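A short worksheet on the structure shown next.
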Amino acid sequence: MKIGCGGRFSGYRENMRSPGEKRLIQQAFRFELDPNREQRVLLAKSVGASRYVYNWGLAESQREYELTGKRPRRGELKKRLVGLKQTECPWLYEVSAHIGQSALKDLDAAFERFFKGLKGEGPKSGFPRFKRKSERDSARLYEVELGERRLRLPMIGKVRLKETRTKHGFEGRILSATITRRADRWFVSLAAEREREIVLPKPVRSPRDVVGVDLGLKAAAVIHDGETIRVVEPQRALRNNLVKLRRLDRQLARKKKGSRNRAKAKLRRARLHYKVSCQRQDFLHQLSSSLARTKSVIVLEDLNVRGMQRNRHLALSMSDAGLGELRRELAYKSEWYGATLVIADRYYPSSKLCSGCGVIKDTLSLGERVFDCEACGLSLHRDENAAINLRRLGLGRLPEGLREVKPVERKALAPAVIGGVKPASRKQEATARRSRGETRRSTRQLVEVLA
Ligand SMILES: [Zn+2]
């Protein structure tokens, strides 16, 4: 295990480009649709067709795998889909042919992810699951046309938008459109390709331009800029609404299957879910935008979000805070605003490392909220300690061209940890140093140096 070495850097390649240069980027634009009654029916048919074909393809693949030990290729499934339409499912002709093909493509991708995960070539991914109705209902379409107030969808026609194209700031060439239903509302997400001027990485002019961000469970984010610490409270919307949600769940369970009242209760629950997810999105976007806009270097931990979500005890807080989403947003917004995102190595011990003296603790349970260092006596909130460490990791590895911090400051900021030394020996070393009467800065002193 290498320590103090890690860090993937994004955005540095742009260093070599000249300002004003443009390149193609992909961006998604989401619009709410305002469909009329007939269009609602057609939209529902579209997402229904997408789900139907996906599930049919999955069943077909499973059946064949059991017989032959191989799953049919996508081209083969496509051919069979034509047969299916001609015989059993003529209603599939009522929607765009792209919908079924996209569904098969998604299924193929789900299988690929699963097999890659098995071989250890990618993150672990479950076996493709059958899609259930009204669970993330969506369908992907092509050849759509966006007007100022309307979106033309194949086989559906011109659907009104709730917001104009200009107001939404749409730009670019549409690659595909994904329609989704959330509660009883319809949305379209347009994947567009457009040119965007390359933003050069912002240089570090003051130590405060570099922030360490510890994403956690108790607080959504603890942000340290070397001078001050900012604790961002997690988005509790989901939790606050849980009581309400549970009540709706109970109401739903009491309703007879297939009844109108059940459908109504379902809708009420879906609406609440939707509201919660909007609040969460707003919160995350505000946080990620403010960081990417104002900071030059943002250092994050490589949180194993998926692993944590598997732990049921943590699952609620995790989804509440939406950490994975925050990281995703920071990644692309950093590129937009010229910030440099540094992802600390998964093995970088940001929590266990003492920000005062560099000793690494053997264990630190999640329950321990305060970091107490036996070697130097530092006592600090664990997330604050982690944020300081992350920040320092980023500072220690600033690439040429970004550094405008004075050498004196950099020296003070240099990580106390040098790669390749075992934790145990480092602890001994620290103790030895202390017994030799050497002085070490406390965190508070360090903070002063940075300020
Ligand atoms: Zn210490």
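Labels for the structure tokens follow display order: chains A, B, ..., residues from 1 in each chain, ligands from 1.
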Residues of chain A that have any atom at most 6 Å from an atom of ligand 1: could you tabulate them with the shortest-distance atom pair and the distance in Å to one decimal, using only C-alpha atoms and all ligand atoms, ordered by chain and increasing number, as a tab-separated table?
residue	atom	partner	partner_atom_place_in_ligand_line	distance
A:Cys354	CA	ligand 1	1 (Zn)	4.6
A:Gly356	CA	ligand 1	1 (Zn)	4.7
A:Cys357	CA	ligand 1	1 (Zn)	4.1
A:Gly358	CA	ligand 1	1 (Zn)	5.9
A:Val359	CA	ligand 1	1 (Zn)	5.5
A:Cys373	CA	ligand 1	1 (Zn)	4.5
A:Ala375	CA	ligand 1	1 (Zn)	5.0
A:Cys376	CA	ligand 1	1 (Zn)	4.1
A:Leu378	CA	ligand 1	1 (Zn)	5.4
Restricted to N, CA and C atoms, what would the selected residues look like written as a short mmCIF file (atom, residue, chain, number, x, y, z; two decimals), in the first residue's frame?
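That gives us out.cif:
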data_model
loop_
_atom_site.label_atom_id
_atom_site.label_comp_id
_atom_site.auth_asym_id
_atom_site.auth_seq_id
_atom_site.Cartn_x
_atom_site.Cartn_y
_atom_site.Cartn_z
N CYS A 354 -2.92 11.84 11.02
CA CYS A 354 -2.97 13.02 11.87
C CYS A 354 -2.49 14.22 11.07
N GLY A 356 -1.66 16.93 12.19
CA GLY A 356 -0.67 17.69 12.93
C GLY A 356 0.73 17.13 12.79
N CYS A 357 0.86 15.80 12.91
CA CYS A 357 2.21 15.24 12.93
C CYS A 357 2.42 14.13 11.90
N GLY A 358 1.40 13.66 11.28
CA GLY A 358 1.60 12.67 10.22
C GLY A 358 1.56 11.23 10.67
N VAL A 359 1.25 11.02 11.93
CA VAL A 359 1.10 9.65 12.40
C VAL A 359 -0.20 9.08 11.84
N CYS A 373 -4.91 12.48 18.66
CA CYS A 373 -3.61 11.92 18.30
C CYS A 373 -2.81 11.65 19.56
N ALA A 375 0.28 10.75 19.52
CA ALA A 375 1.67 11.16 19.32
C ALA A 375 1.88 12.64 19.59
N CYS A 376 0.99 13.48 19.11
CA CYS A 376 1.22 14.92 19.27
C CYS A 376 0.14 15.63 20.07
N LEU A 378 -2.90 16.23 19.28
CA LEU A 378 -3.90 16.95 18.50
C LEU A 378 -5.29 16.36 18.75
#
I need the strand (DSSP E or B) residues of segment 192-376 of chain A per DSSP on the backbone, written as a count of residues only. 36
Neighbouring residues of segment 45-55 of chain A were defined as those with any atom within 6 Å, considering only C-alpha atoms; residues of the same chain fewer than 3 positions away were excluded. Please report them as a PyMOL selection string. chain A and resi 42+58+95+99-100+103-104+130+137-139
Since we have the selection now, will you write its residues out, keeping C-alpha atoms, as a tab-separated table (two decimals), in the first residue's frame?
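Output contents, as saved in result-v9.tsv:
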chain	number	residue	atom	x	y	z
A	42	LEU	CA	-48.40	8.09	-26.57
A	58	LEU	CA	-33.67	-10.14	-20.90
A	95	VAL	CA	-44.02	3.99	-31.22
A	99	ILE	CA	-37.23	2.95	-28.67
A	100	GLY	CA	-36.96	-0.83	-28.88
A	103	ALA	CA	-33.77	-0.67	-24.97
A	104	LEU	CA	-31.80	-3.58	-26.44
A	130	PHE	CA	-36.39	-6.93	-15.02
A	137	ASP	CA	-40.10	4.87	-16.64
A	138	SER	CA	-38.09	6.10	-19.59
A	139	ALA	CA	-37.48	5.67	-23.30
Atom CA of Thr164 of chain A sits from atom CA of Ser102 of chain A at a separation of 27.4 Å
List every residue of segment 190-365 of chain A that DSSP, applied to the backbone of this structure, assigns to alpha helix (DSSP H), and report them as a PDB file with C-alpha atoms, in the first residue's frame.
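The file below, selection28.pdb, is the result:
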ATOM      1  CA  ALA A 237     -35.224  16.561   2.922  1.00  0.00           C
ATOM      2  CA  LEU A 238     -35.591  12.853   2.410  1.00  0.00           C
ATOM      3  CA  ARG A 239     -35.316  12.106   6.096  1.00  0.00           C
ATOM      4  CA  ASN A 240     -37.766  14.820   7.057  1.00  0.00           C
ATOM      5  CA  LEU A 242     -39.718   9.910   5.584  1.00  0.00           C
ATOM      6  CA  VAL A 243     -42.484   9.937   8.144  1.00  0.00           C
ATOM      7  CA  LYS A 244     -44.788  11.306   5.515  1.00  0.00           C
ATOM      8  CA  LEU A 245     -43.549   8.779   3.001  1.00  0.00           C
ATOM      9  CA  ARG A 246     -44.095   5.872   5.380  1.00  0.00           C
ATOM     10  CA  ARG A 247     -47.613   7.028   6.012  1.00  0.00           C
ATOM     11  CA  LEU A 248     -48.249   7.057   2.289  1.00  0.00           C
ATOM     12  CA  ASP A 249     -46.752   3.581   2.058  1.00  0.00           C
ATOM     13  CA  ARG A 250     -49.172   2.305   4.687  1.00  0.00           C
ATOM     14  CA  GLN A 251     -52.088   3.950   2.939  1.00  0.00           C
ATOM     15  CA  LEU A 252     -51.028   2.329  -0.289  1.00  0.00           C
ATOM     16  CA  ALA A 253     -50.803  -1.119   1.293  1.00  0.00           C
ATOM     17  CA  ARG A 254     -54.397  -0.848   2.483  1.00  0.00           C
ATOM     18  CA  ARG A 260     -58.608   3.764  -8.443  1.00  0.00           C
ATOM     19  CA  ASN A 261     -57.778   4.667  -4.876  1.00  0.00           C
ATOM     20  CA  ARG A 262     -54.617   2.670  -5.064  1.00  0.00           C
ATOM     21  CA  ALA A 263     -53.586   4.485  -8.211  1.00  0.00           C
ATOM     22  CA  LYS A 264     -54.249   7.796  -6.456  1.00  0.00           C
ATOM     23  CA  ALA A 265     -52.205   6.795  -3.413  1.00  0.00           C
ATOM     24  CA  LYS A 266     -49.400   5.687  -5.689  1.00  0.00           C
ATOM     25  CA  LEU A 267     -49.387   9.032  -7.390  1.00  0.00           C
ATOM     26  CA  ARG A 268     -49.270  10.883  -4.076  1.00  0.00           C
ATOM     27  CA  ARG A 269     -46.243   8.866  -3.070  1.00  0.00           C
ATOM     28  CA  ALA A 270     -44.539   9.400  -6.407  1.00  0.00           C
ATOM     29  CA  ARG A 271     -45.124  13.165  -6.096  1.00  0.00           C
ATOM     30  CA  LEU A 272     -43.468  13.256  -2.704  1.00  0.00           C
ATOM     31  CA  HIS A 273     -40.519  11.265  -4.019  1.00  0.00           C
ATOM     32  CA  TYR A 274     -40.215  13.723  -6.840  1.00  0.00           C
ATOM     33  CA  LYS A 275     -40.297  16.727  -4.528  1.00  0.00           C
ATOM     34  CA  VAL A 276     -37.563  15.260  -2.375  1.00  0.00           C
ATOM     35  CA  SER A 277     -35.338  14.566  -5.325  1.00  0.00           C
ATOM     36  CA  CYS A 278     -35.760  18.143  -6.591  1.00  0.00           C
ATOM     37  CA  GLN A 279     -34.709  19.568  -3.257  1.00  0.00           C
ATOM     38  CA  ARG A 280     -31.692  17.306  -3.201  1.00  0.00           C
ATOM     39  CA  GLN A 281     -30.692  18.279  -6.725  1.00  0.00           C
ATOM     40  CA  ASP A 282     -30.922  21.986  -5.911  1.00  0.00           C
ATOM     41  CA  PHE A 283     -28.777  21.597  -2.859  1.00  0.00           C
ATOM     42  CA  LEU A 284     -26.092  19.587  -4.630  1.00  0.00           C
ATOM     43  CA  HIS A 285     -25.987  21.909  -7.616  1.00  0.00           C
ATOM     44  CA  GLN A 286     -25.550  24.951  -5.410  1.00  0.00           C
ATOM     45  CA  LEU A 287     -22.709  23.362  -3.504  1.00  0.00           C
ATOM     46  CA  SER A 288     -20.884  22.021  -6.540  1.00  0.00           C
ATOM     47  CA  SER A 289     -21.278  25.281  -8.478  1.00  0.00           C
ATOM     48  CA  SER A 290     -20.023  27.471  -5.676  1.00  0.00           C
ATOM     49  CA  LEU A 291     -16.955  25.288  -5.208  1.00  0.00           C
ATOM     50  CA  ALA A 292     -16.111  24.958  -8.903  1.00  0.00           C
ATOM     51  CA  ARG A 293     -16.623  28.679  -9.506  1.00  0.00           C
ATOM     52  CA  THR A 294     -14.649  30.073  -6.617  1.00  0.00           C
ATOM     53  CA  VAL A 305     -20.015   5.101  -2.613  1.00  0.00           C
ATOM     54  CA  ARG A 306     -21.312   1.873  -4.054  1.00  0.00           C
ATOM     55  CA  GLY A 307     -19.726  -0.171  -1.317  1.00  0.00           C
ATOM     56  CA  MET A 308     -21.193   2.078   1.342  1.00  0.00           C
ATOM     57  CA  GLN A 309     -24.620   1.942  -0.165  1.00  0.00           C
ATOM     58  CA  ARG A 310     -24.586  -1.798   0.171  1.00  0.00           C
ATOM     59  CA  ARG A 312     -27.978  -0.971   4.752  1.00  0.00           C
ATOM     60  CA  HIS A 313     -27.309   0.931   7.898  1.00  0.00           C
ATOM     61  CA  LEU A 314     -25.536   3.674   5.999  1.00  0.00           C
ATOM     62  CA  ALA A 315     -27.703   3.519   2.924  1.00  0.00           C
ATOM     63  CA  LEU A 316     -30.219   6.104   4.029  1.00  0.00           C
ATOM     64  CA  SER A 317     -27.735   8.782   4.982  1.00  0.00           C
ATOM     65  CA  MET A 318     -25.825   8.146   1.812  1.00  0.00           C
ATOM     66  CA  SER A 319     -28.713   8.566  -0.526  1.00  0.00           C
ATOM     67  CA  ASP A 320     -29.805  11.509   1.553  1.00  0.00           C
ATOM     68  CA  ALA A 321     -26.549  13.267   1.008  1.00  0.00           C
ATOM     69  CA  LEU A 323     -22.395  12.059  -2.430  1.00  0.00           C
ATOM     70  CA  GLY A 324     -21.897  10.211  -5.659  1.00  0.00           C
ATOM     71  CA  GLU A 325     -23.962  12.798  -7.439  1.00  0.00           C
ATOM     72  CA  LEU A 326     -22.011  15.631  -5.864  1.00  0.00           C
ATOM     73  CA  ARG A 327     -18.787  14.148  -7.115  1.00  0.00           C
ATOM     74  CA  ARG A 328     -20.165  13.711 -10.601  1.00  0.00           C
ATOM     75  CA  GLU A 329     -21.273  17.339 -10.684  1.00  0.00           C
ATOM     76  CA  LEU A 330     -17.957  18.569  -9.360  1.00  0.00           C
ATOM     77  CA  ALA A 331     -16.186  16.638 -12.106  1.00  0.00           C
ATOM     78  CA  TYR A 332     -17.892  18.369 -14.991  1.00  0.00           C
ATOM     79  CA  LYS A 333     -18.325  21.774 -13.385  1.00  0.00           C
ATOM     80  CA  SER A 334     -14.628  21.885 -12.576  1.00  0.00           C
ATOM     81  CA  GLU A 335     -13.951  21.618 -16.268  1.00  0.00           C
ATOM     82  CA  TRP A 336     -16.448  24.345 -17.044  1.00  0.00           C
ATOM     83  CA  TYR A 337     -15.024  26.820 -14.596  1.00  0.00           C
TER      84      TYR A 337
END
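Reported to one decimal place, the separation of atom CA of Glu301 of chain A from atom CA of Val231 of chain A is 16.1 Å.
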Restricting to only C-alpha atoms, whichever of A:Leu366, A:Lys257, A:Ala109, A:Asp225 is closest to Gly394 of chain A is A:Asp225
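Proximity ranking of A:Leu153, A:Val211, A:Val204, A:Leu84 relative to Ser96 of chain A places A:Leu153 first, based on only C-alpha atoms.
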Top pick for closest residue to Leu398 of chain A, considering A:Asp345, A:Asp383, A:Asp302, A:Asp209 and counting only C-alpha atoms: A:Asp209
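For the set A:Lys22, A:Arg37, A:Arg181, A:Lys70, the residue with the smallest atom-to-atom gap to Arg196 of chain A is A:Lys22, counting only C-alpha atoms.
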Which residues come within 9 Å of Ala28 of chain A, counting only C-alpha atoms, excluding same-chain residues fewer than 2 positions away, as a ChimeraX atom specification? /A:26,30,189-193
Take the residues from that selection and put them in a file with N, CA and C atoms, as a PDB file, in the first residue's frame.
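Written output follows (out.pdb):
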ATOM      1  N   GLN A  26     -20.241  17.216 -24.434  1.00  0.00           N
ATOM      2  CA  GLN A  26     -21.624  16.746 -24.381  1.00  0.00           C
ATOM      3  C   GLN A  26     -22.283  17.305 -23.145  1.00  0.00           C
ATOM      4  N   ARG A  30     -32.450  19.452 -19.639  1.00  0.00           N
ATOM      5  CA  ARG A  30     -33.693  18.817 -19.238  1.00  0.00           C
ATOM      6  C   ARG A  30     -34.836  19.812 -19.319  1.00  0.00           C
ATOM      7  N   SER A 189     -34.848  14.702 -21.472  1.00  0.00           N
ATOM      8  CA  SER A 189     -33.456  15.091 -21.297  1.00  0.00           C
ATOM      9  C   SER A 189     -32.792  14.983 -22.662  1.00  0.00           C
ATOM     10  N   LEU A 190     -32.329  16.115 -23.165  1.00  0.00           N
ATOM     11  CA  LEU A 190     -31.704  16.136 -24.483  1.00  0.00           C
ATOM     12  C   LEU A 190     -30.198  16.058 -24.322  1.00  0.00           C
ATOM     13  N   ALA A 191     -29.620  15.015 -24.878  1.00  0.00           N
ATOM     14  CA  ALA A 191     -28.162  14.928 -24.884  1.00  0.00           C
ATOM     15  C   ALA A 191     -27.688  15.700 -26.104  1.00  0.00           C
ATOM     16  N   ALA A 192     -26.925  16.749 -25.860  1.00  0.00           N
ATOM     17  CA  ALA A 192     -26.487  17.592 -26.967  1.00  0.00           C
ATOM     18  C   ALA A 192     -24.974  17.662 -27.017  1.00  0.00           C
ATOM     19  N   GLU A 193     -24.509  17.896 -28.235  1.00  0.00           N
ATOM     20  CA  GLU A 193     -23.078  18.045 -28.430  1.00  0.00           C
ATOM     21  C   GLU A 193     -22.856  19.491 -28.831  1.00  0.00           C
TER      22      GLU A 193
END
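You will find atom CA of Glu145 of chain A at 20.9 Å from atom CA of Tyr93 of chain A.
Proximity ranking of A:Gly172, A:Gly377, A:Glu66, A:Ser351 relative to Ser365 of chain A places A:Ser351 first, based on only C-alpha atoms.
When only C-alpha atoms are used to compute distances to Glu171 of chain A, the closest of the residues A:Tyr347, A:Phe371, A:Phe114, A:Phe29 turns out to be A:Phe29.
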